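S.K.: Got a structure here, written out as structure tokens. Questions coming.
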Amino acid sequence: MYRGREGQWAFVLHRLSGVALALFLLLHVIDISLVMFGPEGPFNAFLAFYHQWPFRVGLVLVMAAVVYHAFNGLRIILMDFTEWGVKYQGALWYGALGATTAVGIPVLWKIVPEILGIA
Amino acid sequence: MDATTPAAGTSAPPPGLDTMNVTVKIKRYDPEKDARAYWAEYRLDVRPTDRVLDVLNQIKWEMDGSLSYRRSCAHGVCGSDAMLINGVNRLACKLLVRDLGSSIAVEPIRGLEVVKDLIVDMEPFFDSYKSVLPYFVNDDPEPARERLQSPEDREIFDESTKCILCAACTTSCPVFWTNGNYVGPAAIVNAHRFIFDSRDQATDERLAALNQPSGLWRCRTAYNCTEACPRDIPITKQIEEVKRALLWRQA
């Protein structure tokens, strides 16, 4: 493992979250498209399948990936267009992580009770 | 032979100076003998103020003469001894043992084919360097004296003149590890050197050379190059400057 610093881990997380979101989107398009087979088709069965708790945990990860990818994307825009963004890229990454966590709290508030089956 | 070769012997400490015992792991590979690379381990006494290059020399000269690595000036100018030391790319001649502690791991730089031990084939690296026309181009008639430039204009590319082509930056780049065709930070720094030189006339050719599928745009701003540079060149900053130059020229 190369001992890179903030920039390397920002890149790795950005790439991982991006690939994960692309795959998730593909899956999402496929399962939503099943609705075209009508009420007797496989759509409802899939919907019930996705409502099991492991997929709720996955939902938390999807949200984290979306929010991180968005905030780090803003960091990348700042770096690409301003000298300032490059100079403070490390601090901006911690900012992106902090913002992801801040948005994540209400997500957890909503989803954790559903995972535990108390909502 | 075992995967980790035990120390063949320890050398006498230099007189009158504090020494410390260090364990040096070196990733070794001899294409004529080894199917794959392996970690060899050496234990020896060195001075805390020794550089990693001194440690390698001590191993080669006193313990195992078959160890191979490049070095020339040994003072951070020639750029021969870039290595992956304790997880980061550094020049072996600019890194002191006291800053590493008693456990040192040395590998060849990544992304280039290993020729033997710590020696890699630098040709793909130099091919990328050559692709950006890393020399001054100006076909106007030469003035009677030098081509003048204001200190302000000289300052713009001052830091990119410092490159010693050691490849520490390019071989620290995650994009280069997975795509060996990527032109790499070192070539972009050397393009920057002339693109922002007010006297130069080949900016279009250089930007065209960089505007290729494996060119400038493969940079994902991981900043490993900037951290690795032994000359403290703000590499990522310069790559972003070249990206903007190309972007605004296209717009």
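Here's how to read the names in the structure tokens: chain A, B, ... by the order shown, residue numbers from 1 in each chain, ligand numbers from 1 in the order shown.
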Would you mind listing, for every residue of chain A within 7 Å of chain B, the two atoms forming the shortest contact and the distance between them in Å to one decimal, using only C-alpha atoms, sorted by chain and ascending residue number, as JSON lines?

M.R.:
```
{"residue": "A:Met1", "atom": "CA", "partner": "B:Gly87", "partner_atom": "CA", "distance": 6.8}
{"residue": "A:Tyr2", "atom": "CA", "partner": "B:Gly87", "partner_atom": "CA", "distance": 5.0}
{"residue": "A:Arg3", "atom": "CA", "partner": "B:Gly87", "partner_atom": "CA", "distance": 5.0}
{"residue": "A:Gly4", "atom": "CA", "partner": "B:Asn224", "partner_atom": "CA", "distance": 5.9}
{"residue": "A:Gly7", "atom": "CA", "partner": "B:Ala222", "partner_atom": "CA", "distance": 4.4}
{"residue": "A:Gln8", "atom": "CA", "partner": "B:Ala222", "partner_atom": "CA", "distance": 4.3}
{"residue": "A:Phe11", "atom": "CA", "partner": "B:Ala222", "partner_atom": "CA", "distance": 5.6}
{"residue": "A:Asp80", "atom": "CA", "partner": "B:Glu240", "partner_atom": "CA", "distance": 6.0}
{"residue": "A:Val86", "atom": "CA", "partner": "B:Lys237", "partner_atom": "CA", "distance": 6.2}
```

S.K.: Restricted to N, CA and C atoms, what would the selected residues look like written as a compact mmCIF listing (two decimals), in the first residue's frame?

M.R.:
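Wrote out_37.txt, looks like this:
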```
# COMPACT_ATOMS: atom_id res chain seq x y z
N MET A 1 0.84 -1.21 0.00
CA MET A 1 0.00 0.00 0.00
C MET A 1 0.87 1.26 0.00
N TYR A 2 0.63 2.15 -0.95
CA TYR A 2 1.40 3.40 -1.00
C TYR A 2 0.88 4.32 0.10
N ARG A 3 1.78 4.92 0.87
CA ARG A 3 1.35 5.78 1.98
C ARG A 3 1.05 7.18 1.47
N GLY A 4 -0.01 7.27 0.65
CA GLY A 4 -0.43 8.58 0.18
C GLY A 4 -1.15 9.34 1.27
N GLY A 7 -5.07 13.58 -0.52
CA GLY A 7 -5.45 13.58 -1.93
C GLY A 7 -5.65 12.18 -2.48
N GLN A 8 -4.75 11.25 -2.09
CA GLN A 8 -4.88 9.88 -2.58
C GLN A 8 -6.17 9.25 -2.08
N PHE A 11 -9.22 10.56 -3.76
CA PHE A 11 -9.34 9.97 -5.09
C PHE A 11 -9.89 8.54 -5.01
N ASP A 80 -9.89 22.41 -9.79
CA ASP A 80 -9.69 22.55 -11.23
C ASP A 80 -9.73 24.01 -11.68
N VAL A 86 -6.47 24.18 -4.91
CA VAL A 86 -5.32 23.28 -4.87
C VAL A 86 -4.56 23.48 -3.56
```

S.K.: Would you work out the distance separating CA of Lys60 (chain B) from CA of Phe126 (chain B), expressed in Å to one decimal?

M.R.: 27.9 Å

S.K.: Please identify all polymer residues within 7 Å of Ala187 (chain B), counting only C-alpha atoms, omitting same-chain residues fewer than 2 positions from it, and present them as a PyMOL selection string.

M.R.: chain B and resi 128-129+132+183-185+189-191

S.K.: For N, CA, C and O atoms, I'd like the residues from the last selection saved as a PDB file, in the first residue's frame.

M.R.:
```pdb
ATOM      1  N   SER B 128       7.620   9.367 -22.632  1.00  0.00           N
ATOM      2  CA  SER B 128       6.565  10.333 -22.300  1.00  0.00           C
ATOM      3  C   SER B 128       7.147  11.739 -22.204  1.00  0.00           C
ATOM      4  O   SER B 128       6.545  12.715 -22.678  1.00  0.00           O
ATOM      5  N   TYR B 129       8.313  11.829 -21.576  1.00  0.00           N
ATOM      6  CA  TYR B 129       8.996  13.113 -21.442  1.00  0.00           C
ATOM      7  C   TYR B 129       9.268  13.721 -22.818  1.00  0.00           C
ATOM      8  O   TYR B 129       8.961  14.888 -23.072  1.00  0.00           O
ATOM      9  N   VAL B 132       6.401  15.615 -25.112  1.00  0.00           N
ATOM     10  CA  VAL B 132       5.894  16.973 -24.902  1.00  0.00           C
ATOM     11  C   VAL B 132       6.854  18.052 -25.423  1.00  0.00           C
ATOM     12  O   VAL B 132       6.684  19.226 -25.096  1.00  0.00           O
ATOM     13  N   VAL B 183       0.751   9.853 -19.686  1.00  0.00           N
ATOM     14  CA  VAL B 183       1.948  10.660 -19.921  1.00  0.00           C
ATOM     15  C   VAL B 183       2.674  10.991 -18.612  1.00  0.00           C
ATOM     16  O   VAL B 183       3.904  11.070 -18.585  1.00  0.00           O
ATOM     17  N   GLY B 184       1.912  11.139 -17.524  1.00  0.00           N
ATOM     18  CA  GLY B 184       2.527  11.256 -16.202  1.00  0.00           C
ATOM     19  C   GLY B 184       2.906  12.666 -15.796  1.00  0.00           C
ATOM     20  O   GLY B 184       3.132  13.540 -16.643  1.00  0.00           O
ATOM     21  N   PRO B 185       2.968  12.900 -14.470  1.00  0.00           N
ATOM     22  CA  PRO B 185       3.235  14.239 -13.947  1.00  0.00           C
ATOM     23  C   PRO B 185       4.571  14.824 -14.392  1.00  0.00           C
ATOM     24  O   PRO B 185       4.656  16.026 -14.676  1.00  0.00           O
ATOM     25  N   VAL B 189       4.996  18.480 -16.046  1.00  0.00           N
ATOM     26  CA  VAL B 189       5.806  19.541 -15.439  1.00  0.00           C
ATOM     27  C   VAL B 189       6.779  20.116 -16.467  1.00  0.00           C
ATOM     28  O   VAL B 189       6.960  21.339 -16.568  1.00  0.00           O
ATOM     29  N   ASN B 190       7.382  19.249 -17.266  1.00  0.00           N
ATOM     30  CA  ASN B 190       8.357  19.724 -18.250  1.00  0.00           C
ATOM     31  C   ASN B 190       7.693  20.404 -19.442  1.00  0.00           C
ATOM     32  O   ASN B 190       8.318  21.244 -20.099  1.00  0.00           O
ATOM     33  N   ALA B 191       6.420  20.046 -19.701  1.00  0.00           N
ATOM     34  CA  ALA B 191       5.653  20.800 -20.693  1.00  0.00           C
ATOM     35  C   ALA B 191       5.330  22.185 -20.132  1.00  0.00           C
ATOM     36  O   ALA B 191       5.449  23.204 -20.820  1.00  0.00           O
TER      37      ALA B 191
END
```

S.K.: Looking at only C-alpha atoms, which of A:Gly38, A:Pro54, A:Gly18, A:Pro113 is the one that sits closest to Gly73 (chain A)?

M.R.: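 Nearest to Gly73 (chain A): A:Gly18.
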
S.K.: With distances taken over only C-alpha atoms, which of B:Leu246, B:Cys163, B:Leu148, B:Met83 is nearest to Thr203 (chain B)?

M.R.: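 Checking each candidate against Thr203 (chain B), we get B:Leu246 as the closest.
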
S.K.: Where does DSSP see helix (DSSP H, G or I) in region 118-216 of chain B, if you list the residues as a count of residues only?

M.R.: 48

S.K.: At what distance in Å, to one decimal, does CA of Leu23 (chain A) lie from CA of Leu108 (chain A)?

M.R.: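 These atoms are spaced 22.6 Å apart.
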
S.K.: Would you kindly return, as a VMD selection string, each protein, DNA or RNA residue with an atom no farther than 10 Å from any atom of Arg193 (chain B), considering only C-alpha atoms and excluding same-chain residues fewer than 3 positions away?

M.R.: chain B and resid 134 to 136 154 156 to 163 187 to 190 196 to 197 200 238

S.K.: As number ranges by chain, list the residues of region 24-249 of chain B assigned to strand (DSSP E) by DSSP on the backbone atoms of this structure.

M.R.: B: 24-28, 38-46, 82-85, 88-91, 103-107, 114-116, 119-120

S.K.: Emit the selected residues as a short mmCIF file (atom, residue, chain, number, x, y, z; two decimals), in the first residue's frame, including N, CA and C atoms.

M.R.:
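Result file part_20.cif:
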```cif
data_model
loop_
_atom_site.label_atom_id
_atom_site.label_comp_id
_atom_site.auth_asym_id
_atom_site.auth_seq_id
_atom_site.Cartn_x
_atom_site.Cartn_y
_atom_site.Cartn_z
N VAL B 24 16.82 -3.79 7.44
CA VAL B 24 16.50 -3.27 6.12
C VAL B 24 15.91 -4.40 5.28
N LYS B 25 14.67 -4.20 4.84
CA LYS B 25 14.06 -5.16 3.93
C LYS B 25 14.12 -4.58 2.52
N ILE B 26 14.63 -5.36 1.61
CA ILE B 26 14.77 -4.89 0.23
C ILE B 26 14.05 -5.87 -0.69
N LYS B 27 13.19 -5.34 -1.55
CA LYS B 27 12.50 -6.19 -2.50
C LYS B 27 13.44 -6.47 -3.66
N ARG B 28 13.86 -7.75 -3.75
CA ARG B 28 14.88 -8.10 -4.72
C ARG B 28 14.33 -8.98 -5.82
N TYR B 38 11.23 -11.10 -4.21
CA TYR B 38 11.11 -11.54 -2.81
C TYR B 38 11.76 -10.49 -1.91
N TRP B 39 11.38 -10.54 -0.61
CA TRP B 39 11.96 -9.60 0.34
C TRP B 39 13.20 -10.20 0.96
N ALA B 40 14.32 -9.53 0.81
CA ALA B 40 15.55 -9.94 1.50
C ALA B 40 15.73 -9.03 2.72
N GLU B 41 16.23 -9.61 3.82
CA GLU B 41 16.35 -8.83 5.05
C GLU B 41 17.82 -8.75 5.48
N TYR B 42 18.22 -7.55 5.84
CA TYR B 42 19.59 -7.33 6.27
C TYR B 42 19.57 -6.59 7.60
N ARG B 43 20.44 -7.03 8.52
CA ARG B 43 20.57 -6.32 9.79
C ARG B 43 21.98 -5.74 9.85
N LEU B 44 22.07 -4.47 10.16
CA LEU B 44 23.39 -3.86 10.21
C LEU B 44 23.39 -2.63 11.13
N ASP B 45 24.59 -2.21 11.52
CA ASP B 45 24.74 -1.02 12.35
C ASP B 45 25.08 0.17 11.47
N VAL B 46 24.30 1.22 11.64
CA VAL B 46 24.54 2.43 10.84
C VAL B 46 24.46 3.65 11.76
N ALA B 82 15.65 7.31 -7.10
CA ALA B 82 14.28 7.32 -6.59
C ALA B 82 13.87 5.90 -6.26
N MET B 83 13.33 5.71 -5.05
CA MET B 83 12.90 4.37 -4.60
C MET B 83 11.66 4.52 -3.75
N LEU B 84 10.96 3.41 -3.60
CA LEU B 84 9.79 3.39 -2.73
C LEU B 84 10.27 2.98 -1.34
N ILE B 85 10.45 3.97 -0.46
CA ILE B 85 11.05 3.72 0.84
C ILE B 85 10.01 3.91 1.93
N VAL B 88 6.64 5.35 0.61
CA VAL B 88 6.56 6.57 -0.19
C VAL B 88 7.78 6.69 -1.10
N ASN B 89 7.59 7.37 -2.23
CA ASN B 89 8.70 7.57 -3.16
C ASN B 89 9.62 8.66 -2.64
N ARG B 90 10.90 8.32 -2.50
CA ARG B 90 11.90 9.28 -2.03
C ARG B 90 13.21 9.02 -2.76
N LEU B 91 14.09 10.03 -2.74
CA LEU B 91 15.45 9.79 -3.20
C LEU B 91 16.23 9.19 -2.03
N SER B 103 13.47 0.39 11.27
CA SER B 103 12.89 -0.55 10.31
C SER B 103 12.73 0.16 8.96
N ILE B 104 13.44 -0.33 7.96
CA ILE B 104 13.46 0.34 6.66
C ILE B 104 13.08 -0.67 5.58
N ALA B 105 12.13 -0.32 4.74
CA ALA B 105 11.73 -1.19 3.63
C ALA B 105 11.95 -0.44 2.32
N VAL B 106 12.66 -1.05 1.40
CA VAL B 106 12.98 -0.40 0.13
C VAL B 106 12.48 -1.26 -1.03
N GLU B 107 11.71 -0.64 -1.91
CA GLU B 107 11.21 -1.34 -3.11
C GLU B 107 11.57 -0.51 -4.33
N VAL B 114 10.68 -3.91 -13.65
CA VAL B 114 11.91 -4.08 -12.89
C VAL B 114 12.93 -4.81 -13.73
N VAL B 115 14.11 -4.23 -13.85
CA VAL B 115 15.20 -4.87 -14.59
C VAL B 115 15.94 -5.80 -13.64
N LYS B 116 16.34 -5.28 -12.49
CA LYS B 116 16.97 -6.10 -11.45
C LYS B 116 16.90 -5.33 -10.12
N ILE B 119 16.39 -1.54 -9.76
CA ILE B 119 16.55 -0.86 -11.06
C ILE B 119 15.34 -1.14 -11.94
N VAL B 120 14.72 -0.08 -12.43
CA VAL B 120 13.57 -0.24 -13.33
C VAL B 120 13.93 0.30 -14.72
#
```
